[in-house]
Structure formats: C-alpha cells, structure tokens
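Structure file work_33.txt with compact mmCIF, C-alpha atoms:
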# COMPACT_ATOMS: atom_id res chain seq x y z
CA MET L 240 2.92 2.40 31.28
CA ALA L 241 3.01 5.78 33.08
CA TYR L 242 4.41 8.60 30.97
CA LYS L 243 6.88 9.75 33.64
CA LYS L 244 8.27 6.24 34.15
CA LEU L 245 8.63 5.63 30.43
CA LYS L 246 10.40 8.96 29.96
CA LEU L 247 13.04 8.05 32.52
CA TRP L 248 14.02 4.98 30.54
CA PHE L 249 15.34 7.15 27.71
CA ASP L 250 18.59 8.24 29.29
CA HIS L 251 22.29 7.35 29.27
CA GLU L 252 21.50 3.84 30.51
CA LEU L 253 19.47 3.25 27.37
CA ALA L 254 22.35 4.72 25.36
CA LYS L 255 24.61 2.06 26.91
CA LEU L 256 22.12 -0.67 26.02
CA LEU L 257 21.83 0.56 22.44
CA SER L 258 25.61 0.74 22.14
CA GLU L 259 25.89 -2.87 23.27
CA LYS L 260 23.34 -3.91 20.65
CA ILE L 261 25.07 -1.96 17.87
CA ALA L 262 28.69 -2.94 18.65
CA PRO L 263 28.59 -6.51 17.27
CA HIS L 264 27.38 -5.18 13.93
CA TYR L 265 29.54 -2.05 13.87
CA PRO L 266 32.59 -2.55 16.13
CA ALA L 267 33.85 0.98 15.49
CA PHE L 268 30.72 2.55 16.99
CA PRO L 269 31.87 5.41 19.29
CA ALA L 270 29.96 4.16 22.31
CA THR L 271 31.64 6.42 24.86
CA VAL L 272 30.85 9.58 22.90
CA PHE L 273 27.33 8.37 22.14
CA VAL L 274 26.57 7.68 25.79
CA SER L 275 28.13 10.96 26.93
CA THR L 276 26.09 12.89 24.38
CA ILE L 277 22.86 11.34 25.66
CA ARG L 278 23.85 11.84 29.32
CA GLU L 279 24.65 15.52 28.83
CA ASN L 280 21.55 16.48 26.86
CA VAL L 281 18.36 14.58 27.72
CA ASP L 282 17.70 15.30 31.39
CA GLU L 283 15.65 18.42 30.69
CA LEU L 284 13.78 16.91 27.75
CA GLU L 285 10.32 15.35 27.69
CA LEU L 286 9.74 11.84 26.38
CA LYS L 287 9.19 12.61 22.69
CA ASP L 288 12.18 14.95 22.63
CA ARG L 289 14.37 12.35 24.31
CA VAL L 290 13.38 9.77 21.70
CA GLU L 291 14.11 12.23 18.89
CA PHE L 292 17.46 13.21 20.39
CA ILE L 293 18.58 9.59 20.44
CA ALA L 294 17.36 9.15 16.87
CA ASP L 295 19.45 12.16 15.84
CA ALA L 296 22.44 10.64 17.60
CA PHE L 297 22.04 7.52 15.45
CA ALA L 298 22.32 9.74 12.39
CA ASP L 299 25.38 11.48 13.85
CA TYR L 300 27.34 8.43 15.01
CA LEU L 301 26.43 5.61 12.63
CA PRO L 302 28.51 5.45 9.43
CA GLY L 303 27.50 6.17 5.86
CA ASP L 304 24.13 7.13 4.48
CA TYR L 305 20.60 6.30 5.65
CA GLU L 306 20.64 2.92 3.91
CA ASN L 307 23.79 1.82 5.70
CA GLN L 308 22.71 3.25 9.05
CA LEU L 309 19.31 1.57 8.91
CA ALA L 310 20.90 -1.74 7.92
CA ILE L 311 23.02 -1.65 11.09
CA LEU L 312 20.06 -0.73 13.29
CA LEU L 313 17.88 -3.50 11.89
CA LYS L 314 20.52 -6.06 12.82
CA THR L 315 19.93 -5.16 16.49
CA VAL L 316 16.19 -5.85 16.69
CA GLY L 317 16.29 -9.44 17.95
CA PRO L 318 13.36 -11.89 18.12
CA ARG L 319 9.86 -10.79 17.19
CA ASN L 320 7.29 -9.98 19.84
CA PRO L 321 4.91 -12.97 19.96
CA ASP L 322 2.22 -11.01 21.79
CA GLY L 323 0.05 -7.92 21.46
CA THR L 324 1.59 -6.51 24.63
CA GLY L 325 5.08 -5.52 25.71
CA MET L 326 5.77 -2.87 23.08
CA PHE L 327 6.44 -0.25 25.77
CA THR L 328 8.09 -2.61 28.25
CA GLU L 329 10.33 -5.24 26.70
CA PHE L 330 10.67 -3.40 23.38
CA TYR L 331 10.60 0.27 24.42
CA TRP L 332 14.20 0.67 23.26
CA LEU L 333 13.06 0.49 19.62
CA MET L 334 11.25 3.83 19.81
CA PRO L 335 14.34 5.84 18.75
CA MET L 336 14.75 3.53 15.75
CA ALA L 337 11.13 4.17 14.75
CA LYS L 338 11.77 7.90 15.06
CA PHE L 339 14.97 7.59 13.03
CA ILE L 340 13.00 6.01 10.16
CA GLU L 341 10.28 8.65 10.44
CA LYS L 342 12.71 11.57 10.40
CA TYR L 343 15.46 10.42 8.05
CA GLY L 344 13.77 7.87 5.79
CA LEU L 345 11.17 9.86 3.87
CA GLU L 346 13.21 9.83 0.68
CA HIS L 347 13.68 6.04 0.89
CA PHE L 348 10.18 4.59 0.71
CA ASP L 349 10.93 0.89 0.19
CA LEU L 350 13.75 0.73 2.72
CA SER L 351 11.70 2.58 5.29
CA VAL L 352 8.67 0.34 4.80
CA LYS L 353 10.88 -2.66 5.57
CA GLY L 354 12.16 -0.83 8.63
CA MET L 355 8.62 -0.06 9.79
CA GLU L 356 7.71 -3.73 9.46
CA GLU L 357 10.62 -4.87 11.62
CA VAL L 358 9.97 -2.21 14.26
CA THR L 359 6.24 -2.88 14.44
CA ARG L 360 6.77 -6.63 14.87
CA ARG L 361 8.31 -5.74 18.23
CA ASN L 362 7.23 -2.20 19.16
CA THR L 363 5.11 -0.06 16.82
CA ALA L 364 5.51 2.08 13.70
CA GLU L 365 2.10 3.73 14.11
CA TYR L 366 3.76 7.14 14.53
CA THR L 367 6.52 6.52 12.00
CA ILE L 368 4.08 5.88 9.17
CA ARG L 369 2.23 9.19 9.32
CA PRO L 370 4.65 11.44 7.42
CA PHE L 371 4.82 8.74 4.75
CA ILE L 372 1.03 8.80 4.42
CA GLU L 373 1.22 12.54 3.87
CA ARG L 374 4.10 12.34 1.37
CA TYR L 375 2.97 9.21 -0.50
CA PRO L 376 -0.79 8.89 0.14
CA LYS L 377 -1.74 6.47 -2.65
CA LYS L 378 1.42 4.41 -2.38
CA MET L 379 1.15 4.16 1.39
CA LEU L 380 -2.52 3.22 1.30
CA ARG L 381 -1.70 0.36 -1.07
CA GLN L 382 0.96 -0.80 1.37
CA MET L 383 -1.45 -0.54 4.31
CA LEU L 384 -4.04 -2.66 2.48
CA LYS L 385 -1.31 -5.22 1.80
CA TRP L 386 -0.49 -5.25 5.52
CA ALA L 387 -4.18 -5.67 6.32
CA LYS L 388 -4.03 -9.00 4.45
CA SER L 389 -0.83 -10.16 6.17
CA ASP L 390 -0.50 -13.32 8.26
CA ASP L 391 1.33 -11.17 10.83
CA PHE L 392 -1.12 -9.59 13.27
CA HIS L 393 1.37 -6.83 14.10
CA LEU L 394 1.30 -5.67 10.48
CA ARG L 395 -2.48 -5.96 10.33
CA ARG L 396 -2.76 -3.73 13.36
CA LEU L 397 -0.35 -1.21 11.84
CA ALA L 398 -2.61 -0.99 8.78
CA SER L 399 -5.44 0.44 10.88
CA GLU L 400 -3.59 2.11 13.76
CA GLY L 401 -1.22 4.05 11.51
CA GLY L 402 -4.13 5.54 9.59
CA ARG L 403 -6.15 6.69 12.58
CA PRO L 404 -7.14 10.31 11.87
CA ARG L 405 -6.75 11.32 15.52
CA LEU L 406 -4.15 8.94 16.92
CA PRO L 407 -3.13 9.98 20.47
CA TRP L 408 0.42 11.34 20.85
CA ALA L 409 0.59 11.92 17.09
CA PRO L 410 -0.17 14.73 14.62
CA LYS L 411 -3.63 14.48 13.12
CA LEU L 412 -4.04 13.26 9.54
CA PRO L 413 -6.10 16.09 7.98
CA GLN L 414 -6.66 14.21 4.72
CA PHE L 415 -8.57 11.47 6.56
CA ILE L 416 -10.41 13.99 8.71
CA ASP L 417 -11.57 15.68 5.52
CA GLU L 418 -12.23 12.45 3.62
CA PRO L 419 -12.03 9.13 5.50
CA ALA L 420 -13.15 6.91 2.60
CA PRO L 421 -9.60 5.83 1.61
CA LEU L 422 -9.41 4.01 4.95
CA PHE L 423 -12.62 2.05 4.41
CA PRO L 424 -11.16 -0.85 2.35
CA ILE L 425 -8.53 -1.39 5.06
CA LEU L 426 -11.06 -1.44 7.89
CA THR L 427 -13.40 -3.67 5.91
CA GLN L 428 -10.57 -6.12 5.31
CA LEU L 429 -9.96 -6.22 9.08
CA ARG L 430 -13.56 -6.26 10.33
CA ASP L 431 -13.47 -10.00 11.20
CA ASP L 432 -9.89 -10.15 12.45
CA PRO L 433 -9.42 -12.86 15.10
CA GLU L 434 -6.83 -10.92 17.14
CA LYS L 435 -8.15 -8.64 19.89
CA TYR L 436 -5.05 -6.45 19.43
CA VAL L 437 -6.20 -5.76 15.86
CA GLN L 438 -9.89 -5.52 16.75
CA LYS L 439 -9.20 -2.73 19.25
CA SER L 440 -7.27 -0.79 16.63
CA VAL L 441 -10.02 -1.13 14.01
CA ALA L 442 -12.63 -0.03 16.54
CA ASN L 443 -10.52 2.94 17.59
CA CYS L 444 -9.97 3.97 13.98
CA LEU L 445 -13.73 3.78 13.42
CA ASN L 446 -14.28 5.86 16.54
CA ASP L 447 -11.84 8.48 15.22
CA ILE L 448 -13.68 8.62 11.89
CA LEU L 449 -17.07 9.07 13.55
CA LYS L 450 -15.85 12.11 15.49
CA ASP L 451 -15.59 14.11 12.26
CA ASN L 452 -17.59 12.15 9.69
CA GLU L 453 -20.59 10.53 11.32
CA GLU L 454 -22.58 9.87 8.15
CA PRO L 455 -19.76 8.22 6.15
CA GLY L 456 -18.77 6.23 9.24
CA ARG L 457 -22.35 5.12 9.73
CA GLU L 458 -22.57 4.03 6.09
CA LEU L 459 -19.37 2.04 6.45
CA VAL L 460 -20.67 0.14 9.46
CA GLU L 461 -24.05 -0.44 7.80
CA SER L 462 -22.21 -2.00 4.86
CA TRP L 463 -20.85 -4.61 7.27
CA LEU L 464 -24.33 -5.77 8.30
CA PRO L 465 -25.37 -8.38 9.08
CA ALA L 466 -22.24 -8.73 11.21
CA GLU L 467 -21.96 -12.51 11.22
CA SER L 468 -18.78 -12.91 13.28
CA LYS L 469 -18.44 -12.14 16.98
CA GLU L 470 -15.26 -10.24 16.11
CA CYS L 471 -17.09 -7.88 13.78
CA ARG L 472 -19.89 -7.38 16.30
CA TRP L 473 -17.33 -6.49 18.98
CA ILE L 474 -15.57 -4.01 16.66
CA ILE L 475 -18.86 -2.33 15.78
CA LYS L 476 -19.99 -2.00 19.39
CA HIS L 477 -16.63 -0.71 20.58
CA GLY L 478 -16.26 1.61 17.58
CA LEU L 479 -19.71 3.12 18.19
CA ARG L 480 -19.18 3.58 21.92
CA ASN L 481 -19.42 7.38 21.84
CA GLN L 482 -22.56 7.30 19.72
CA LEU L 483 -24.11 4.76 22.08
CA LYS L 484 -23.14 6.88 25.07
CA ALA L 485 -24.77 9.88 23.38
CA GLY L 486 -27.96 7.88 22.91
CA LYS L 487 -27.89 7.86 19.10
CA ASP L 488 -30.78 5.70 17.93
CA TRP L 489 -29.03 4.69 14.72
CA ALA L 490 -26.07 3.33 16.69
CA LYS L 491 -28.39 1.29 18.93
CA GLU L 492 -30.13 -0.13 15.86
CA ILE L 493 -26.84 -1.18 14.30
CA VAL L 494 -25.56 -2.83 17.47
CA ASN L 495 -28.85 -4.67 17.93
CA TYR L 496 -29.21 -5.63 14.24

Represent the structure contained in this file as structure tokens.
Amino acid sequence: MAYKKLKLWFDHELAKLLSEKIAPHYPAFPATVFVSTIRENVDELELKDRVEFIADAFADYLPGDYENQLAILLKTVGPRNPDGTGMFTEFYWLMPMAKFIEKYGLEHFDLSVKGMEEVTRRNTAEYTIRPFIERYPKKMLRQMLKWAKSDDFHLRRLASEGGRPRLPWAPKLPQFIDEPAPLFPILTQLRDDPEKYVQKSVANCLNDILKDNEEPGRELVESWLPAESKECRWIIKHGLRNQLKAGKDWAKEIVNY
C-alpha cells in the first residue's frame, strides 16, 4: 500500500464511514459536526497526523470517559480478519481506533489490552503497544508472552512485532536496544510458528536485535539449534539476512548447521 494513497483515505469520507459504524451503538453521535471537523482540518496533514486527528475527534465527540468511549468503538469492529493480509486495505479504518487506545488508554491497562486485541485481530496494534511497554515493561512483557502462546495468530504476531526495537514508522524502544534479553522468551516461544505472517515478524524482530546486539542475538539463535522445523530454519535464515549479506562466517555456520 503506497503511503500517498493510504493517506488520502483518512479524510471526510472516512469520517462518514466511521459515523455510520458508530451511529447504531450511539444514536446521538454528532455525525455532521464530526465529519465537518475532519473535512476542515486534515487536508494539510500527513498520514500519521490525520490518524491522530481522527483519534482526538473520537475523544471529543464520543460521550463519557475513556471506558465508555472505547466500549462504543469496540462495538464497531465487525468480523475478524481471517488472513495475514488486508490490515491496510479492508481494515485501514481501524487505525484511528488503535491511535485512540495508544493516546488515551495508558491509565487503563486491562481495558486497553482488550482493545489492542480486538484491533490487532483486524488491523494491528503494533504501534499502540509501544507506550504501554515503556510505562509497564514487566506487565506488558507478561502479556506479550501470553499472546505468544495464543491460538490466534494475529495475537502471536503482535507479541513479536510490538516488541521490535526498531519497528518502521514507530519510535524506537531504547530498553530493548540496550538490553534485548526480555524479548528472548517471546521469540523462542514463536520460533516454530506455523504461520508465515508470524514467522516474518519473528525474523524481523531478530534482525532488529542483531543491528545493535549481535552477540546476544547470536547466542539466542544458537540456543535454537538444531533447528528441527522448517519454520524455525526459515526464521533463522531470514533473521540473519544482513549478517549473511555481510559475509559473517558465524551466520553461515548457523544457517548450514
């Protein structure tokens, strides 16, 4: 999905769509004002700012406190995404909800975790989760490990993707750049995952770790040997791609183990 095309979807037409989704669950929603507010303010904004502006409008125009507002929004989400694709096509409209949770839900851990789960089953909460990791590191890591054991592949992917130290389009996670070991139990849990959607995330998280912490990352991968499943072998090879490209002998040895 091209950035410019995706950006254009976050305009007053999306505001109309969101209003239609909200109205059955909150008939008094001021749709006309909501749509006008979006129309008059987003044209000069870039994608991330458009998403945040719509999230702020949720806070302004939905009734009550965060708990009540989130409850209304979660009633709009519809069926789960059965695939590992479509998050930025069929389910792009959930991005403002993810931002709403990220920005307004930090003081409501349990409610926000439930919100992240519902969003990520359709779109993704990989950006939403990061301030929660910073605010509640131990608590969030326990939740991520729980997700890594889930039957839902969307939640398993979130467990690794949300913790990536250098996730594109997102602020870095300095604590995992300084010390990546807290992520290792999560990645180890996922090393044989049958879903390619999850495998790619685990490999990319490993790749992020190796950029700053080659020796700990190497030790993690060595602890997975012998890699008995084809899934684990694929994750290792893809995760070590930069080391292989750089001609690192240790990476070649691991891949050929």

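Of the listed residues (L:Ser399, L:Thr367, L:Glu283, L:Gly303), L:Ser399 comes nearest to Tyr436 of chain L; the distances count all atoms listed in the file.
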
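The nearest approach to Arg381 of chain L among the residues L:Val352, L:Ala490, L:Leu345, L:Ala409, with all atoms listed in the file taken into account, belongs to L:Val352.
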
Of L:Pro335, L:Pro421, L:Pro266, L:Gly317, the one sitting nearest Asp295 of chain L when using all atoms listed in the file is L:Pro335

A straight line from atom CA of Met336 of chain L to atom CA of Ser351 of chain L spans 10.9 Å

Using all atoms listed in the file, the best pick from L:Pro433, L:Ile311, L:Leu397, L:Leu247 as closest to Met379 of chain L would be L:Leu397

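The smallest atom-to-atom distance between Asp322 of chain L and any of L:Glu259, L:Phe392, L:Lys378, L:Phe268, using only C-alpha atoms, is found for L:Phe392.
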
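Of the residues listed (L:Pro465, L:Pro269, L:Pro407, L:Pro424), L:Pro424 shows the shortest atom-to-atom separation from Lys385 of chain L; distances use only C-alpha atoms.
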
As a PDB file with C-alpha atoms, in the frame of the given file, please: the residues near Phe249 of chain L (cut-off 10 Å, only C-alpha atoms, same-chain neighbours under 3 positions excluded).
ATOM      1  CA  LYS L 244       8.270   6.240  34.150  1.00  0.00           C
ATOM      2  CA  LEU L 245       8.630   5.630  30.430  1.00  0.00           C
ATOM      3  CA  LYS L 246      10.400   8.960  29.960  1.00  0.00           C
ATOM      4  CA  GLU L 252      21.500   3.840  30.510  1.00  0.00           C
ATOM      5  CA  LEU L 253      19.470   3.250  27.370  1.00  0.00           C
ATOM      6  CA  ALA L 254      22.350   4.720  25.360  1.00  0.00           C
ATOM      7  CA  ILE L 277      22.860  11.340  25.660  1.00  0.00           C
ATOM      8  CA  ARG L 278      23.850  11.840  29.320  1.00  0.00           C
ATOM      9  CA  VAL L 281      18.360  14.580  27.720  1.00  0.00           C
ATOM     10  CA  ASP L 282      17.700  15.300  31.390  1.00  0.00           C
ATOM     11  CA  LEU L 284      13.780  16.910  27.750  1.00  0.00           C
ATOM     12  CA  GLU L 285      10.320  15.350  27.690  1.00  0.00           C
ATOM     13  CA  LEU L 286       9.740  11.840  26.380  1.00  0.00           C
ATOM     14  CA  LYS L 287       9.190  12.610  22.690  1.00  0.00           C
ATOM     15  CA  ASP L 288      12.180  14.950  22.630  1.00  0.00           C
ATOM     16  CA  ARG L 289      14.370  12.350  24.310  1.00  0.00           C
ATOM     17  CA  VAL L 290      13.380   9.770  21.700  1.00  0.00           C
ATOM     18  CA  PHE L 292      17.460  13.210  20.390  1.00  0.00           C
ATOM     19  CA  ILE L 293      18.580   9.590  20.440  1.00  0.00           C
ATOM     20  CA  TYR L 331      10.600   0.270  24.420  1.00  0.00           C
ATOM     21  CA  TRP L 332      14.200   0.670  23.260  1.00  0.00           C
ATOM     22  CA  MET L 334      11.250   3.830  19.810  1.00  0.00           C
ATOM     23  CA  PRO L 335      14.340   5.840  18.750  1.00  0.00           C
TER      24      PRO L 335
END

**Contacts of Phe348 of chain L at 12 Å (all atoms listed in the file; same-chain gap of 2+ positions) as a PyMOL selection string** = chain L and resi 305-306+340-341+343-346+350-355+368+370-372+374-376+378-379+382

**Nearby residues (all atoms listed in the file) at most 10 Å from Asn495 of chain L, same-chain spacing under 5 positions excluded, as a ChimeraX atom specification** = /L:472,476,489-490

re atom CA of Leu384 of chain L and atom CA of Leu312 of chain L: distance 26.5 Å

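Across the structure, atom CA of Phe415 of chain L and atom CA of Val358 of chain L are spaced 24.3 Å apart.
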
Please return segment 291-317 of chain L, rebuilt to N, CA and C atoms, as a PDB file, keeping the file's coordinate frame.
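Written out: out-v6.pdb:
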ATOM      1  N   GLU L 291      13.591  11.591  20.099  1.00  0.00           N
ATOM      2  CA  GLU L 291      14.110  12.230  18.890  1.00  0.00           C
ATOM      3  C   GLU L 291      15.601  12.528  19.021  1.00  0.00           C
ATOM      4  N   PHE L 292      16.043  12.926  20.201  1.00  0.00           N
ATOM      5  CA  PHE L 292      17.460  13.210  20.390  1.00  0.00           C
ATOM      6  C   PHE L 292      18.307  11.965  20.151  1.00  0.00           C
ATOM      7  N   ILE L 293      17.845  10.835  20.654  1.00  0.00           N
ATOM      8  CA  ILE L 293      18.580   9.590  20.440  1.00  0.00           C
ATOM      9  C   ILE L 293      18.572   9.203  18.966  1.00  0.00           C
ATOM     10  N   ALA L 294      17.428   9.416  18.307  1.00  0.00           N
ATOM     11  CA  ALA L 294      17.360   9.150  16.870  1.00  0.00           C
ATOM     12  C   ALA L 294      18.358  10.015  16.104  1.00  0.00           C
ATOM     13  N   ASP L 295      18.469  11.271  16.485  1.00  0.00           N
ATOM     14  CA  ASP L 295      19.450  12.160  15.840  1.00  0.00           C
ATOM     15  C   ASP L 295      20.872  11.691  16.100  1.00  0.00           C
ATOM     16  N   ALA L 296      21.094  11.149  17.292  1.00  0.00           N
ATOM     17  CA  ALA L 296      22.440  10.640  17.600  1.00  0.00           C
ATOM     18  C   ALA L 296      22.781   9.429  16.735  1.00  0.00           C
ATOM     19  N   PHE L 297      21.789   8.599  16.414  1.00  0.00           N
ATOM     20  CA  PHE L 297      22.040   7.520  15.450  1.00  0.00           C
ATOM     21  C   PHE L 297      22.579   8.090  14.145  1.00  0.00           C
ATOM     22  N   ALA L 298      21.907   9.131  13.655  1.00  0.00           N
ATOM     23  CA  ALA L 298      22.320   9.740  12.390  1.00  0.00           C
ATOM     24  C   ALA L 298      23.714  10.337  12.482  1.00  0.00           C
ATOM     25  N   ASP L 299      24.068  10.842  13.663  1.00  0.00           N
ATOM     26  CA  ASP L 299      25.380  11.480  13.850  1.00  0.00           C
ATOM     27  C   ASP L 299      26.512  10.464  13.981  1.00  0.00           C
ATOM     28  N   TYR L 300      26.251   9.322  14.617  1.00  0.00           N
ATOM     29  CA  TYR L 300      27.340   8.430  15.010  1.00  0.00           C
ATOM     30  C   TYR L 300      27.391   7.105  14.257  1.00  0.00           C
ATOM     31  N   LEU L 301      26.353   6.801  13.482  1.00  0.00           N
ATOM     32  CA  LEU L 301      26.430   5.610  12.630  1.00  0.00           C
ATOM     33  C   LEU L 301      27.051   5.999  11.287  1.00  0.00           C
ATOM     34  N   PRO L 302      27.755   5.096  10.639  1.00  0.00           N
ATOM     35  CA  PRO L 302      28.510   5.450   9.430  1.00  0.00           C
ATOM     36  C   PRO L 302      27.644   5.449   8.167  1.00  0.00           C
ATOM     37  N   GLY L 303      28.096   6.216   7.191  1.00  0.00           N
ATOM     38  CA  GLY L 303      27.500   6.170   5.860  1.00  0.00           C
ATOM     39  C   GLY L 303      26.171   6.889   5.758  1.00  0.00           C
ATOM     40  N   ASP L 304      25.406   6.491   4.744  1.00  0.00           N
ATOM     41  CA  ASP L 304      24.130   7.130   4.480  1.00  0.00           C
ATOM     42  C   ASP L 304      23.006   6.411   5.212  1.00  0.00           C
ATOM     43  N   TYR L 305      21.773   6.866   4.973  1.00  0.00           N
ATOM     44  CA  TYR L 305      20.600   6.300   5.650  1.00  0.00           C
ATOM     45  C   TYR L 305      20.503   4.794   5.429  1.00  0.00           C
ATOM     46  N   GLU L 306      20.751   4.349   4.214  1.00  0.00           N
ATOM     47  CA  GLU L 306      20.640   2.920   3.910  1.00  0.00           C
ATOM     48  C   GLU L 306      21.571   2.107   4.787  1.00  0.00           C
ATOM     49  N   ASN L 307      22.806   2.554   4.908  1.00  0.00           N
ATOM     50  CA  ASN L 307      23.790   1.820   5.700  1.00  0.00           C
ATOM     51  C   ASN L 307      23.452   1.906   7.195  1.00  0.00           C
ATOM     52  N   GLN L 308      23.049   3.084   7.642  1.00  0.00           N
ATOM     53  CA  GLN L 308      22.710   3.250   9.050  1.00  0.00           C
ATOM     54  C   GLN L 308      21.519   2.396   9.450  1.00  0.00           C
ATOM     55  N   LEU L 309      20.480   2.384   8.606  1.00  0.00           N
ATOM     56  CA  LEU L 309      19.310   1.570   8.910  1.00  0.00           C
ATOM     57  C   LEU L 309      19.656   0.089   8.907  1.00  0.00           C
ATOM     58  N   ALA L 310      20.505  -0.334   7.981  1.00  0.00           N
ATOM     59  CA  ALA L 310      20.900  -1.740   7.920  1.00  0.00           C
ATOM     60  C   ALA L 310      21.549  -2.179   9.241  1.00  0.00           C
ATOM     61  N   ILE L 311      22.381  -1.332   9.805  1.00  0.00           N
ATOM     62  CA  ILE L 311      23.020  -1.650  11.090  1.00  0.00           C
ATOM     63  C   ILE L 311      21.966  -1.733  12.190  1.00  0.00           C
ATOM     64  N   LEU L 312      21.081  -0.750  12.241  1.00  0.00           N
ATOM     65  CA  LEU L 312      20.060  -0.730  13.290  1.00  0.00           C
ATOM     66  C   LEU L 312      19.156  -1.960  13.219  1.00  0.00           C
ATOM     67  N   LEU L 313      18.796  -2.370  12.016  1.00  0.00           N
ATOM     68  CA  LEU L 313      17.880  -3.500  11.890  1.00  0.00           C
ATOM     69  C   LEU L 313      18.523  -4.822  12.317  1.00  0.00           C
ATOM     70  N   LYS L 314      19.840  -4.864  12.332  1.00  0.00           N
ATOM     71  CA  LYS L 314      20.520  -6.060  12.820  1.00  0.00           C
ATOM     72  C   LYS L 314      20.426  -6.196  14.338  1.00  0.00           C
ATOM     73  N   THR L 315      19.983  -5.151  15.019  1.00  0.00           N
ATOM     74  CA  THR L 315      19.930  -5.160  16.490  1.00  0.00           C
ATOM     75  C   THR L 315      18.574  -5.598  17.039  1.00  0.00           C
ATOM     76  N   VAL L 316      17.568  -5.787  16.188  1.00  0.00           N
ATOM     77  CA  VAL L 316      16.190  -5.850  16.690  1.00  0.00           C
ATOM     78  C   VAL L 316      15.873  -7.117  17.480  1.00  0.00           C
ATOM     79  N   GLY L 317      16.529  -8.216  17.188  1.00  0.00           N
ATOM     80  CA  GLY L 317      16.290  -9.440  17.950  1.00  0.00           C
ATOM     81  C   GLY L 317      14.988 -10.130  17.580  1.00  0.00           C
TER      82      GLY L 317
END
